[in-house]
>>> print(open('protein-v5.csv').read())   # CSV, C-alpha atoms and all ligand atoms
chain,number,residue,atom,x,y,z
Z,1,MET,CA,28.6,9.6,-5.3
Z,2,SER,CA,26.0,12.1,-4.0
Z,3,ARG,CA,22.4,11.3,-3.9
Z,4,CYS,CA,19.2,13.3,-3.9
Z,5,ILE,CA,18.0,13.7,-0.3
Z,6,GLY,CA,14.4,13.4,-1.4
Z,7,CYS,CA,14.4,10.1,-3.3
Z,8,GLY,CA,17.9,8.6,-3.0
Z,9,ALA,CA,18.6,8.7,-6.7
Z,10,LYS,CA,22.2,9.1,-7.8
Z,11,ILE,CA,22.8,12.7,-8.8
Z,12,GLN,CA,23.7,13.4,-12.4
Z,13,THR,CA,24.0,16.8,-14.1
Z,14,THR,CA,23.8,15.8,-17.8
Z,15,ASN,CA,20.3,14.6,-18.7
Z,16,PRO,CA,17.2,16.5,-17.4
Z,17,GLU,CA,14.9,13.7,-18.6
Z,18,LYS,CA,16.6,11.1,-16.5
Z,19,ILE,CA,16.4,10.2,-12.9
Z,20,GLY,CA,18.6,12.2,-10.5
Z,21,TYR,CA,19.1,15.3,-12.6
Z,22,VAL,CA,20.3,18.4,-10.8
Z,23,PRO,CA,21.6,21.5,-12.7
Z,24,GLU,CA,25.3,21.9,-12.0
Z,25,ILE,CA,24.8,25.4,-10.7
Z,26,ALA,CA,22.6,24.0,-7.9
Z,27,ILE,CA,25.4,21.7,-6.7
Z,28,ILE,CA,27.9,24.6,-6.8
Z,29,GLU,CA,25.5,26.8,-4.8
Z,30,ARG,CA,24.0,24.2,-2.3
Z,31,GLY,CA,26.6,21.5,-2.1
Z,32,GLU,CA,25.6,17.9,-1.4
Z,33,GLN,CA,22.2,18.5,0.2
Z,34,VAL,CA,20.1,18.8,-3.0
Z,35,TYR,CA,16.8,17.6,-4.4
Z,36,CYS,CA,16.7,16.3,-8.0
Z,37,LYS,CA,14.5,17.8,-10.6
Z,38,ARG,CA,11.9,15.1,-10.3
Z,39,CYS,CA,11.6,15.6,-6.5
Z,40,TYR,CA,11.4,19.3,-7.0
Z,41,ASP,CA,8.5,18.9,-9.5
Z,42,ILE,CA,6.6,16.5,-7.2
Z,43,ARG,CA,7.1,18.6,-4.1
Z,44,HIS,CA,6.3,22.0,-5.7
Z,45,HIS,CA,4.1,21.2,-8.6
Z,46,ASN,CA,2.5,17.9,-7.7
Z,47,ALA,CA,3.9,16.5,-10.9
Z,48,LEU,CA,3.0,13.0,-11.9
Z,49,TYR,CA,5.4,10.5,-13.3
Z,50,THR,CA,5.0,7.2,-15.0
Z,51,PRO,CA,6.9,4.6,-13.0
Z,52,GLU,CA,9.2,2.2,-14.7
Z,53,TYR,CA,9.5,-0.8,-12.7
Z,54,ASP,CA,10.8,-4.3,-12.6
Z,55,THR,CA,10.2,-6.9,-10.0
Z,56,LYS,CA,13.7,-8.4,-10.5
Z,57,MET,CA,15.3,-5.1,-9.9
Z,58,TYR,CA,13.4,-4.7,-6.7
Z,59,TYR,CA,14.5,-8.0,-5.3
Z,60,ASP,CA,18.1,-7.4,-6.4
Z,61,LYS,CA,18.0,-4.2,-4.3
Z,62,ILE,CA,16.8,-5.9,-1.1
Z,63,LYS,CA,18.5,-9.3,-1.4
Z,64,ASN,CA,21.6,-8.4,0.6
Z,65,ILE,CA,19.5,-7.7,3.7
Z,66,LYS,CA,19.5,-11.5,4.4
Z,67,ASP,CA,23.3,-11.3,5.0
Z,68,GLU,CA,22.9,-8.5,7.6
Z,69,ASN,CA,21.8,-8.4,11.2
Z,70,ALA,CA,18.9,-6.1,10.5
Z,71,LEU,CA,15.5,-5.1,11.8
Z,72,VAL,CA,13.0,-5.1,8.9
Z,73,ILE,CA,10.0,-2.9,9.3
Z,74,LEU,CA,7.5,-4.3,6.8
Z,75,MET,CA,4.9,-1.6,6.2
Z,76,ILE,CA,1.5,-2.6,5.0
Z,77,ASP,CA,-1.4,-0.5,3.9
Z,78,ILE,CA,-4.5,-1.3,6.0
Z,79,MET,CA,-6.5,-1.3,2.8
Z,80,ASP,CA,-4.5,-4.1,1.3
Z,81,ILE,CA,-3.4,-6.5,4.1
Z,82,PHE,CA,-3.1,-9.6,1.9
Z,83,GLY,CA,-1.3,-7.8,-1.0
Z,84,GLY,CA,1.0,-6.0,1.5
Z,85,PHE,CA,3.1,-9.1,2.0
Z,86,ILE,CA,5.8,-9.0,-0.7
Z,87,PRO,CA,5.9,-12.4,-2.3
Z,88,ASN,CA,8.8,-14.7,-1.3
Z,89,LEU,CA,10.1,-12.0,1.0
Z,90,SER,CA,11.9,-14.4,3.3
Z,91,GLU,CA,14.2,-15.4,0.5
Z,92,TYR,CA,15.6,-11.9,0.4
Z,93,ILE,CA,15.6,-10.8,4.1
Z,94,GLY,CA,16.4,-14.2,5.6
Z,95,ASN,CA,15.7,-14.8,9.2
Z,96,ASN,CA,16.0,-11.1,10.3
Z,97,LYS,CA,13.4,-9.9,12.7
Z,98,VAL,CA,10.4,-8.3,11.1
Z,99,LEU,CA,8.2,-5.7,12.7
Z,100,ILE,CA,5.0,-5.4,10.8
Z,101,VAL,CA,3.7,-1.8,10.8
Z,102,VAL,CA,0.2,-1.5,9.4
Z,103,ASN,CA,-0.3,2.1,8.2
Z,104,LYS,CA,-3.2,4.4,7.2
Z,105,ILE,CA,-5.5,3.2,9.9
Z,106,ASP,CA,-6.9,6.8,9.9
Z,107,VAL,CA,-8.8,5.9,6.7
Z,108,LEU,CA,-11.0,3.3,8.4
Z,109,PRO,CA,-14.2,4.5,10.0
Z,110,LYS,CA,-14.4,4.4,13.7
Z,111,SER,CA,-16.8,1.5,13.6
Z,112,VAL,CA,-14.1,-0.9,12.4
Z,113,ASN,CA,-12.4,-3.0,15.1
Z,114,ILE,CA,-8.7,-2.5,14.5
Z,115,LYS,CA,-7.9,-5.4,16.9
Z,116,LYS,CA,-9.6,-7.8,14.5
Z,117,PHE,CA,-7.3,-6.6,11.7
Z,118,GLU,CA,-4.3,-7.1,13.9
Z,119,GLU,CA,-5.3,-10.7,14.6
Z,120,LEU,CA,-5.9,-11.4,10.9
Z,121,ILE,CA,-2.5,-9.9,10.0
Z,122,SER,CA,-0.9,-12.0,12.7
Z,123,LEU,CA,-2.6,-15.1,11.1
Z,124,ILE,CA,-1.5,-14.2,7.6
Z,125,SER,CA,2.1,-13.5,8.7
Z,126,LYS,CA,2.4,-17.0,10.2
Z,127,ARG,CA,1.9,-18.4,6.8
Z,128,LYS,CA,4.7,-16.3,5.3
Z,129,LYS,CA,7.7,-17.8,7.0
Z,130,LEU,CA,8.7,-14.4,8.4
Z,131,ASN,CA,10.4,-13.9,11.8
Z,132,VAL,CA,7.7,-11.5,13.0
Z,133,VAL,CA,8.5,-9.9,16.4
Z,134,GLY,CA,5.5,-7.5,16.5
Z,135,ILE,CA,2.6,-5.8,14.8
Z,136,MET,CA,1.8,-2.2,15.1
Z,137,MET,CA,-1.2,-0.4,13.8
Z,138,ILE,CA,-0.5,3.2,13.0
Z,139,SER,CA,-1.1,6.3,11.0
Z,140,ALA,CA,2.2,7.7,9.8
Z,141,ARG,CA,0.5,11.1,9.4
Z,142,LYS,CA,-0.3,11.3,13.0
Z,143,GLN,CA,2.3,12.3,15.5
Z,144,ASP,CA,1.3,9.8,18.2
Z,145,VAL,CA,3.0,7.1,16.2
Z,146,ILE,CA,6.3,8.4,17.5
Z,147,ALA,CA,5.3,8.1,21.1
Z,148,ARG,CA,4.8,4.5,20.3
Z,149,ILE,CA,8.0,3.9,18.4
Z,150,SER,CA,10.2,6.5,19.9
Z,151,LYS,CA,13.0,4.1,20.8
Z,152,LEU,CA,13.0,2.5,17.5
Z,153,LYS,CA,15.8,0.2,18.3
Z,154,TYR,CA,13.8,-1.4,21.2
Z,155,ALA,CA,10.3,-1.1,19.8
Z,156,ALA,CA,10.0,-4.8,19.2
Z,157,LYS,CA,11.3,-5.6,22.6
Z,158,LYS,CA,8.9,-3.2,24.3
Z,159,LYS,CA,5.9,-4.8,22.6
Z,160,TYR,CA,7.0,-8.4,23.0
Z,161,SER,CA,8.7,-8.6,26.4
Z,162,HIS,CA,9.5,-12.3,26.0
Z,163,GLU,CA,12.1,-11.2,23.5
Z,164,LYS,CA,15.2,-10.5,25.4
Z,165,GLU,CA,16.5,-7.7,23.3
Z,166,VAL,CA,16.2,-6.8,19.7
Z,167,ARG,CA,19.6,-5.7,18.6
Z,168,PHE,CA,20.4,-4.9,15.0
Z,169,ASP,CA,22.7,-2.9,12.9
Z,170,ASN,CA,20.5,-1.4,10.2
Z,171,CYS,CA,16.8,-0.9,10.2
Z,172,TYR,CA,15.1,-1.1,6.8
Z,173,ILE,CA,11.6,0.2,6.1
Z,174,ILE,CA,10.3,-1.9,3.3
Z,175,GLY,CA,6.9,-2.5,1.7
Z,176,CYS,CA,4.7,-2.1,-1.4
Z,177,ALA,CA,4.6,1.2,-3.3
Z,178,SER,CA,2.7,4.1,-1.6
Z,179,VAL,CA,2.0,2.4,1.7
Z,180,GLY,CA,3.6,5.4,3.5
Z,181,LYS,CA,7.2,4.3,4.2
Z,182,SER,CA,8.7,7.7,3.4
Z,183,THR,CA,6.0,9.6,5.4
Z,184,PHE,CA,6.8,7.3,8.4
Z,185,MET,CA,10.5,7.9,8.0
Z,186,ASN,CA,10.0,11.7,7.8
Z,187,MET,CA,8.0,11.6,11.0
Z,188,ILE,CA,10.8,9.7,12.7
Z,189,GLY,CA,13.3,12.2,11.3
Z,190,LYS,CA,11.4,15.1,12.7
Z,191,ILE,CA,10.7,13.8,16.1
Z,192,THR,CA,13.6,11.5,17.1
Z,193,LEU,CA,16.4,12.8,14.9
Z,194,ASN,CA,15.4,16.5,15.2
Z,195,TYR,CA,15.2,17.1,11.4
Z,196,PRO,CA,13.5,20.4,10.8
Z,197,SER,CA,11.1,19.3,8.0
Z,198,ASP,CA,10.0,16.4,5.9
Z,199,VAL,CA,13.2,15.7,4.1
Z,200,ILE,CA,12.1,12.8,1.9
Z,201,THR,CA,9.7,13.3,-0.9
Z,202,THR,CA,6.3,11.6,-0.5
Z,203,SER,CA,3.4,11.5,-2.9
Z,204,ASN,CA,0.4,9.5,-3.9
Z,205,GLN,CA,2.1,8.0,-6.9
Z,206,TYR,CA,4.4,5.0,-7.3
Z,207,GLN,CA,8.2,5.1,-7.2
Z,208,THR,CA,8.6,8.5,-5.5
Z,209,THR,CA,11.5,6.9,-3.6
Z,210,GLN,CA,14.1,5.7,-6.2
Z,211,ASP,CA,16.8,4.2,-4.0
Z,212,PHE,CA,17.9,3.6,-0.5
Z,213,ILE,CA,17.9,6.7,1.7
Z,214,LYS,CA,20.1,6.2,4.8
Z,215,TRP,CA,19.9,8.2,8.0
Z,216,PRO,CA,22.4,7.5,10.8
Z,217,LEU,CA,20.8,6.1,13.9
Z,218,ASP,CA,24.1,5.9,15.8
Z,219,GLN,CA,27.8,5.3,15.0
Z,220,ARG,CA,27.3,2.1,13.2
Z,221,SER,CA,23.7,1.8,12.2
Z,222,TYR,CA,21.3,3.4,9.7
Z,223,LEU,CA,17.6,3.8,9.3
Z,224,ILE,CA,17.0,3.1,5.6
Z,225,ASP,CA,14.0,4.0,3.5
Z,226,THR,CA,13.6,1.9,0.4
Z,227,PRO,CA,11.7,2.1,-3.0
Z,228,GLY,CA,8.3,0.4,-3.0
Z,229,PHE,CA,7.5,-3.0,-4.4
Z,230,ILE,CA,4.8,-2.8,-7.1
Z,231,ASN,CA,2.8,-5.9,-6.5
Z,232,PRO,CA,1.5,-7.6,-9.6
Z,233,SER,CA,-1.5,-8.8,-7.6
Z,234,HIS,CA,-2.6,-5.1,-7.1
Z,235,TYR,CA,-4.5,-3.0,-9.6
Z,236,GLY,CA,-1.8,-0.3,-9.2
Z,237,ALA,CA,0.5,-2.4,-11.4
Z,238,TYR,CA,-1.7,-2.0,-14.4
Z,239,ILE,CA,-3.5,1.4,-14.2
Z,240,ASP,CA,-2.4,5.0,-14.8
Z,241,ASN,CA,-1.8,7.6,-12.1
Z,242,LYS,CA,-5.2,9.1,-12.7
Z,243,SER,CA,-7.0,5.8,-12.0
Z,244,LEU,CA,-4.7,5.2,-9.0
Z,245,GLN,CA,-5.7,8.5,-7.4
Z,246,VAL,CA,-9.3,7.3,-7.4
Z,247,LEU,CA,-8.5,4.0,-5.7
Z,248,ILE,CA,-6.4,5.4,-2.8
Z,249,PRO,CA,-8.6,6.7,0.0
Z,250,LYS,CA,-7.4,10.2,0.8
Z,251,LYS,CA,-9.4,10.5,4.0
Z,252,TYR,CA,-11.6,8.4,6.1
Z,253,ILE,CA,-14.0,6.1,4.3
Z,254,LYS,CA,-17.7,6.6,4.3
Z,255,VAL,CA,-19.0,3.1,4.2
Z,256,ARG,CA,-21.5,2.5,1.4
Z,257,THR,CA,-24.2,-0.1,2.3
Z,258,TYR,CA,-26.7,-1.8,0.1
Z,259,GLN,CA,-29.7,-4.1,1.0
Z,260,LEU,CA,-29.8,-6.3,-2.0
Z,261,ASN,CA,-32.4,-8.6,-3.4
Z,262,PRO,CA,-30.9,-11.7,-5.2
Z,263,ASP,CA,-30.0,-11.4,-8.8
Z,264,GLN,CA,-28.4,-8.0,-8.5
Z,265,THR,CA,-24.9,-7.0,-9.6
Z,266,ILE,CA,-22.6,-4.3,-8.4
Z,267,PHE,CA,-19.9,-2.8,-10.6
Z,268,ILE,CA,-16.9,-1.3,-8.8
Z,269,GLY,CA,-16.1,1.2,-11.5
Z,270,GLY,CA,-14.8,-0.7,-14.4
Z,271,LEU,CA,-12.5,-2.7,-12.2
Z,272,ALA,CA,-14.6,-5.5,-10.7
Z,273,LYS,CA,-18.1,-7.0,-11.0
Z,274,ILE,CA,-19.9,-8.7,-8.1
Z,275,LYS,CA,-23.0,-10.8,-8.7
Z,276,PHE,CA,-25.3,-11.6,-5.8
Z,277,ASP,CA,-27.6,-14.6,-5.9
Z,278,GLY,CA,-29.7,-16.9,-3.7
Z,279,GLU,CA,-33.0,-16.9,-1.9
Z,280,ASN,CA,-32.4,-14.5,1.0
Z,281,LYS,CA,-31.7,-10.8,1.4
Z,282,ILE,CA,-28.1,-9.7,1.3
Z,283,ASN,CA,-26.5,-6.8,3.2
Z,284,VAL,CA,-23.3,-5.5,1.6
Z,285,SER,CA,-21.0,-2.8,2.8
Z,286,PHE,CA,-18.1,-1.4,0.8
Z,287,TYR,CA,-15.0,-0.2,2.5
Z,288,ILE,CA,-13.4,1.5,-0.5
Z,289,SER,CA,-12.3,4.9,-1.6
Z,290,ASN,CA,-15.1,7.4,-1.5
Z,291,GLU,CA,-14.2,8.4,-5.0
Z,292,LEU,CA,-14.7,5.0,-6.5
Z,293,TYR,CA,-18.0,4.7,-8.3
Z,294,LEU,CA,-20.4,1.9,-7.5
Z,295,HIS,CA,-23.2,1.0,-9.8
Z,296,ARG,CA,-26.0,-1.4,-8.8
Z,297,THR,CA,-28.1,-3.1,-11.4
Z,298,LYS,CA,-30.2,-6.2,-12.1
Z,299,THR,CA,-28.0,-9.0,-13.1
Z,300,ILE,CA,-29.8,-9.5,-16.4
Z,301,GLN,CA,-28.9,-6.0,-17.4
Z,302,ALA,CA,-25.3,-6.2,-16.3
Z,303,ASP,CA,-23.8,-7.2,-19.6
Z,304,LYS,CA,-25.6,-4.4,-21.4
Z,305,ILE,CA,-24.4,-1.9,-18.8
Z,306,LEU,CA,-20.8,-3.0,-19.2
Z,307,GLU,CA,-21.0,-2.9,-22.9
Z,308,THR,CA,-22.3,0.6,-23.1
Z,309,GLN,CA,-20.8,2.2,-20.0
Z,310,GLN,CA,-17.2,1.2,-20.0
Z,311,PHE,CA,-15.0,4.3,-19.9
Z,312,LYS,CA,-18.2,6.4,-19.3
Z,313,LEU,CA,-19.9,5.6,-16.0
Z,314,LEU,CA,-17.8,2.6,-15.2
Z,315,VAL,CA,-14.4,4.2,-14.5
Z,316,PRO,CA,-11.6,3.7,-13.7
Z,317,PRO,CA,-9.9,2.5,-15.9
Z,318,TYR,CA,-10.2,5.5,-18.2
Z,319,THR,CA,-8.3,4.2,-21.2
Z,320,GLU,CA,-8.3,1.3,-23.6
Z,321,GLU,CA,-4.6,0.9,-22.8
Z,322,GLU,CA,-5.2,0.2,-19.2
Z,323,ALA,CA,-8.3,-1.9,-19.9
Z,324,LEU,CA,-6.2,-4.1,-22.2
Z,325,LYS,CA,-3.8,-4.9,-19.4
Z,326,LEU,CA,-6.8,-6.0,-17.3
Z,327,ASN,CA,-8.5,-7.8,-20.0
Z,328,GLU,CA,-8.2,-11.4,-18.9
Z,329,LYS,CA,-10.8,-12.0,-16.2
Z,330,THR,CA,-11.2,-14.6,-13.5
Z,331,VAL,CA,-14.2,-15.4,-11.3
Z,332,TYR,CA,-14.3,-16.4,-7.6
Z,333,ASN,CA,-17.4,-18.1,-6.4
Z,334,TYR,CA,-18.3,-18.0,-2.8
Z,335,GLU,CA,-21.2,-19.3,-0.8
Z,336,ILE,CA,-21.8,-17.1,2.2
Z,337,THR,CA,-23.7,-18.1,5.3
Z,338,GLY,CA,-23.6,-15.5,8.0
Z,339,THR,CA,-20.9,-12.8,7.5
Z,340,SER,CA,-17.8,-12.8,5.4
Z,341,ASP,CA,-15.4,-10.2,4.1
Z,342,ILE,CA,-13.9,-10.2,0.7
Z,343,PHE,CA,-10.6,-8.4,0.2
Z,344,ILE,CA,-9.7,-7.2,-3.2
Z,345,SER,CA,-6.1,-6.0,-3.6
Z,346,GLY,CA,-6.0,-2.4,-4.6
Z,347,ILE,CA,-9.7,-1.8,-3.9
Z,348,GLY,CA,-10.4,-2.5,-0.3
Z,349,PHE,CA,-12.8,-4.9,1.3
Z,350,ILE,CA,-16.5,-5.8,1.2
Z,351,HIS,CA,-18.5,-6.9,4.2
Z,352,ILE,CA,-21.3,-9.3,3.4
Z,353,THR,CA,-24.1,-10.6,5.6
Z,354,SER,CA,-26.8,-13.0,4.6
Z,355,GLU,CA,-28.5,-16.1,5.9
Z,356,LYS,CA,-27.3,-17.7,2.7
Z,357,CYS,CA,-26.2,-16.3,-0.6
Z,358,ASN,CA,-23.9,-16.9,-3.5
Z,359,VAL,CA,-21.4,-14.2,-4.5
Z,360,GLU,CA,-19.5,-14.2,-7.7
Z,361,VAL,CA,-16.5,-11.8,-7.9
Z,362,GLN,CA,-15.2,-11.1,-11.3
Z,363,VAL,CA,-11.8,-9.4,-11.4
Z,364,PRO,CA,-8.8,-9.2,-13.8
Z,365,LYS,CA,-6.8,-12.4,-13.5
Z,366,PRO,CA,-3.7,-11.2,-11.6
Z,367,ILE,CA,-5.7,-9.4,-8.9
Z,368,LEU,CA,-5.6,-11.0,-5.5
Z,369,VAL,CA,-8.9,-11.8,-3.9
Z,370,GLU,CA,-9.3,-13.4,-0.4
Z,371,LYS,CA,-12.4,-14.2,1.6
Z,372,ILE,CA,-12.5,-14.4,5.4
Z,373,ASP,CA,-15.5,-15.7,7.3
Z,374,GLY,CA,-16.7,-14.2,10.5
Z,375,PHE,CA,-14.0,-11.6,10.5
Z,376,MET,CA,-15.9,-8.5,11.6
Z,401,LIG,N1,-4.4,8.6,5.0
Z,401,LIG,C1,-3.1,8.4,5.1
Z,401,LIG,N2,-2.3,8.6,4.1
Z,401,LIG,C2,-1.0,8.4,4.3
Z,401,LIG,C3,-0.5,8.0,5.6
Z,401,LIG,N3,0.9,7.9,5.5
Z,401,LIG,C4,1.2,8.2,4.2
Z,401,LIG,N4,0.1,8.6,3.5
Z,401,LIG,C5,0.0,9.0,2.1
Z,401,LIG,O1,0.3,8.0,1.3
Z,401,LIG,C6,1.0,8.4,0.1
Z,401,LIG,C7,2.3,7.7,-0.1
Z,401,LIG,O2,3.2,8.0,0.9
Z,401,LIG,P1,4.7,7.8,0.8
Z,401,LIG,O3,5.3,8.0,2.1
Z,401,LIG,O4,5.3,8.5,-0.4
Z,401,LIG,O5,4.7,6.2,0.5
Z,401,LIG,P2,5.9,5.2,0.1
Z,401,LIG,O6,5.9,5.0,-1.3
Z,401,LIG,O7,5.6,3.9,0.9
Z,401,LIG,O8,7.2,5.9,0.6
Z,401,LIG,C8,1.2,9.9,0.3
Z,401,LIG,O9,0.3,10.7,-0.4
Z,401,LIG,C9,1.1,10.1,1.9
Z,401,LIG,O10,0.6,11.4,2.2
Z,401,LIG,C10,-1.4,7.7,6.6
Z,401,LIG,O11,-1.0,7.4,7.8
Z,401,LIG,N5,-2.7,8.0,6.4
Z,402,MG,MG,8.8,6.4,-0.5
>>> encode(input="protein-v5.csv", output="structure tokens")
Amino acid sequence: MSRCIGCGAKIQTTNPEKIGYVPEIAIIERGEQVYCKRCYDIRHHNALYTPEYDTKMYYDKIKNIKDENALVILMIDIMDIFGGFIPNLSEYIGNNKVLIVVNKIDVLPKSVNIKKFEELISLISKRKKLNVVGIMMISARKQDVIARISKLKYAAKKKYSHEKEVRFDNCYIIGCASVGKSTFMNMIGKITLNYPSDVITTSNQYQTTQDFIKWPLDQRSYLIDTPGFINPSHYGAYIDNKSLQVLIPKKYIKVRTYQLNPDQTIFIGGLAKIKFDGENKINVSFYISNELYLHRTKTIQADKILETQQFKLLVPPYTEEEALKLNEKTVYNYEITGTSDIFISGIGFIHITSEKCNVEVQVPKPILVEKIDGFM
């Protein structure tokens, strides 16, 4: 069974509407090394597709990793470090060694201390029962990543010298949708496997990679790209592609800072509402996509604003259909004394400083929100 070299889908020549379609003539002319129609459209026309996903299917796909002697590269987007840990992952990958690779650090402004992130990720990973052998902070778009991971097979060993040797058969790159797994794999392909170009299709939408894509590392082992997990705790599981494009930072974030008086509310598009209260002044910085609209208002006017401005000023979401999926809300109440960071899965993080204040974060129920004190 031949597969599309761009997304791993099984090739079929009968239904152009379905995954893996290649016209018969293309196979005759080009042989096995072909791209499916969907990859072609994404690569050449930036086409957008609606993902069809299923959590169970995802777990079924990766569950056999636990029976192998593998190295698992768990790739996490720096903008969603809590949501980047696939729930119950240890059940599916077993006790295999995990190298956590945190990607897209290029989007953070220089003022952010990456080391702090690394420490926090190390803390989170300890709670997840994973056999973590190392953490790397990278940008898969930048070539220097390869200098750091050139000998992939011994990357973990190099970084953690107390480990004798990390031997494994296959190396799987897994993680949530759009964290940059395929971009990373392409970079490895070009630099360490001498592939002439970006073979695998990458794009800012979900499920670009359809199935495992295996590249030989040596006689008996493969480097394997995998489809992404669409995390139900992330906005991306509920919104359309158009909204998703607004959420994902394309280049480095210009931090937006507000000096707030109490009784003010900030809307993050139509996605979240944050109410600030207390006696003291509050300093708030948003580390979120530059395209995501923030609206500050007096709290007493907030309801009216929401009522009149949903789908107008307060976007995304852009459609009733999306809003319906995000309808049920939940509120997190925090008392902040000093500095805290609030991480909202799919949006980014908010850095708050105040002698003392109360913060009320209203988000759709499934969305993961975490607060860390004194982090930055
Ligand atoms: N800013 C930034 N974007 C990246 C980086 N790596 C990948 N991307 C972008 O993230 C999107 C998803 O990448 P892709 O490799 O398809 O993700 P996958 O779903 O995990 O395979 C693409 O638009 C990439 O160009 C990175 O290091 N920095
Ligand atoms: Mg991919």
>>> atom_distance(input="protein-v5.csv", atom1="atom CA of Ser182 of chain Z", atom2="atom CA of Ile200 of chain Z")
6.3 Å
>>> residues_near_ligand(input="protein-v5.csv", ligand="ligand MG 402 (chain Z)", cutoff="6 Å", atoms="only C-alpha atoms and all ligand atoms", output="PyMOL selection string")
chain Z and resi 181-182+202+208-209+227
>>> residues_near_ligand(input="protein-v5.csv", ligand="ligand LIG 401 (chain Z)", cutoff="6 Å", atoms="all atoms listed in the file", output="list in words")
Asn103, Lys104, Asp106, Val107, Ser139, Ala140, Arg141, Ala177, Ser178, Val179, Gly180, Lys181, Ser182, Thr183, Thr202, Ser203, Asn204, Gly228, Lys250 and Lys251 of chain Z
>>> residues_around(input="protein-v5.csv", residues="segment 361-364 of chain Z", least_positions_apart="2", cutoff="7 Å", atoms="only C-alpha atoms", output="ChimeraX atom specification")
/Z:271-275,326-333,359,366-367
>>> residues_around(input="protein-v5.csv", residues="Ala323 of chain Z", least_positions_apart="5", cutoff="10 Å", atoms="only C-alpha atoms", output="PDB file with C-alpha atoms, in the frame of the given file")
ATOM      1  CA  TYR Z 238      -1.700  -2.000 -14.400  1.00  0.00           C
ATOM      2  CA  ILE Z 239      -3.500   1.400 -14.200  1.00  0.00           C
ATOM      3  CA  GLY Z 270     -14.800  -0.700 -14.400  1.00  0.00           C
ATOM      4  CA  LEU Z 271     -12.500  -2.700 -12.200  1.00  0.00           C
ATOM      5  CA  GLN Z 310     -17.200   1.200 -20.000  1.00  0.00           C
ATOM      6  CA  PHE Z 311     -15.000   4.300 -19.900  1.00  0.00           C
ATOM      7  CA  PRO Z 316     -11.600   3.700 -13.700  1.00  0.00           C
ATOM      8  CA  PRO Z 317      -9.900   2.500 -15.900  1.00  0.00           C
ATOM      9  CA  TYR Z 318     -10.200   5.500 -18.200  1.00  0.00           C
ATOM     10  CA  GLU Z 328      -8.200 -11.400 -18.900  1.00  0.00           C
ATOM     11  CA  PRO Z 364      -8.800  -9.200 -13.800  1.00  0.00           C
TER      12      PRO Z 364
END
>>> atom_distance(input="protein-v5.csv", atom1="atom CA of Asp225 of chain Z", atom2="atom CA of Asp211 of chain Z")
8.0 Å
>>> atom_distance(input="protein-v5.csv", atom1="atom CA of Glu320 of chain Z", atom2="atom CA of Asn241 of chain Z")
14.6 Å
>>> residues_near_point(input="protein-v5.csv", point="(6.8, -10.6, -7.1)", cutoff="12 Å", atoms="all atoms listed in the file", output="list of chain:residue names")
Z:Tyr53, Z:Asp54, Z:Thr55, Z:Lys56, Z:Met57, Z:Tyr58, Z:Tyr59, Z:Asp60, Z:Gly83, Z:Gly84, Z:Phe85, Z:Ile86, Z:Pro87, Z:Asn88, Z:Leu89, Z:Glu91, Z:Tyr92, Z:Gly175, Z:Cys176, Z:Gly228, Z:Phe229, Z:Ile230, Z:Asn231, Z:Pro232, Z:Ser233, Z:His234, Z:Ala237, Z:Pro366
>>> closest_residue(input="protein-v5.csv", among="Z:Gly236, Z:Gly189, Z:Gly346, Z:Gly374", to="Ile213 of chain Z", atoms="all atoms listed in the file")
Z:Gly189
>>> closest_residue(input="protein-v5.csv", among="Z:Val132, Z:Glu291, Z:Ile81, Z:Cys36", to="Phe117 of chain Z", atoms="all atoms listed in the file")
Z:Ile81
>>> residues_near_point(input="protein-v5.csv", point="(-17.2, -6.9, 6.9)", cutoff="9 Å", atoms="only C-alpha atoms", output="JSON, numbers by chain")
{"Z": [112, 284, 285, 286, 287, 339, 340, 341, 342, 349, 350, 351, 352, 353, 372, 373, 374, 375, 376]}
>>> closest_atom_pairs(input="protein-v5.csv", of="segment 170-253 of chain Z", to="segment 293-304 of chain Z", cutoff="12 Å", atoms="all atoms listed in the file", output="CSV")
residue,atom,partner,partner_atom,distance
Z:Ser243,CA,Z:Tyr293,CA,11.7
Z:Val246,CA,Z:Tyr293,CA,9.1
Z:Leu247,CA,Z:Tyr293,CA,9.9
>>> closest_residue(input="protein-v5.csv", among="Z:Ile27, Z:Tyr334, Z:Leu313, Z:Val98", to="Thr13 of chain Z", atoms="only C-alpha atoms")
Z:Ile27
>>> residues_around(input="protein-v5.csv", residues="Leu217 of chain Z", least_positions_apart="5", cutoff="9 Å", atoms="only C-alpha atoms", output="list in words")
Lys153, Asn170, Cys171, Leu193, Tyr222 and Leu223 of chain Z
>>> residues_around(input="protein-v5.csv", residues="Lys97 of chain Z", least_positions_apart="2", cutoff="7 Å", atoms="all atoms listed in the file", output="ChimeraX atom specification")
/Z:71-72,95,99,131-133
>>> closest_residue(input="protein-v5.csv", among="Z:Val34, Z:Leu314, Z:Leu120, Z:Ile19", to="Tyr49 of chain Z", atoms="only C-alpha atoms")
Z:Ile19
>>> residues_around(input="protein-v5.csv", residues="Lys281 of chain Z", least_positions_apart="6", cutoff="12 Å", atoms="only C-alpha atoms", output="list in words")
Tyr258, Gln259, Leu260, Asn261, Pro262, Asp263, Gln264, Ile336, Thr337, Gly338, Ile352, Thr353, Ser354, Glu355, Lys356, Cys357 and Asn358 of chain Z
>>> closest_residue(input="protein-v5.csv", among="Z:Glu370, Z:Asp67, Z:Glu360, Z:Asp80", to="Asp277 of chain Z", atoms="all atoms listed in the file")
Z:Glu360
>>> decode(input="protein-v5.csv", residues="segment 213-218 of chain Z", atoms="C-alpha atoms", output="short mmCIF file (atom, residue, chain, number, x, y, z; two decimals), in the first residue's frame")
data_model
loop_
_atom_site.label_atom_id
_atom_site.label_comp_id
_atom_site.auth_asym_id
_atom_site.auth_seq_id
_atom_site.Cartn_x
_atom_site.Cartn_y
_atom_site.Cartn_z
CA ILE Z 213 5.18 9.02 8.01
CA LYS Z 214 8.26 6.82 8.38
CA TRP Z 215 11.75 7.78 7.37
CA PRO Z 216 14.58 5.29 7.82
CA LEU Z 217 17.23 6.32 10.35
CA ASP Z 218 19.29 3.18 9.83
#
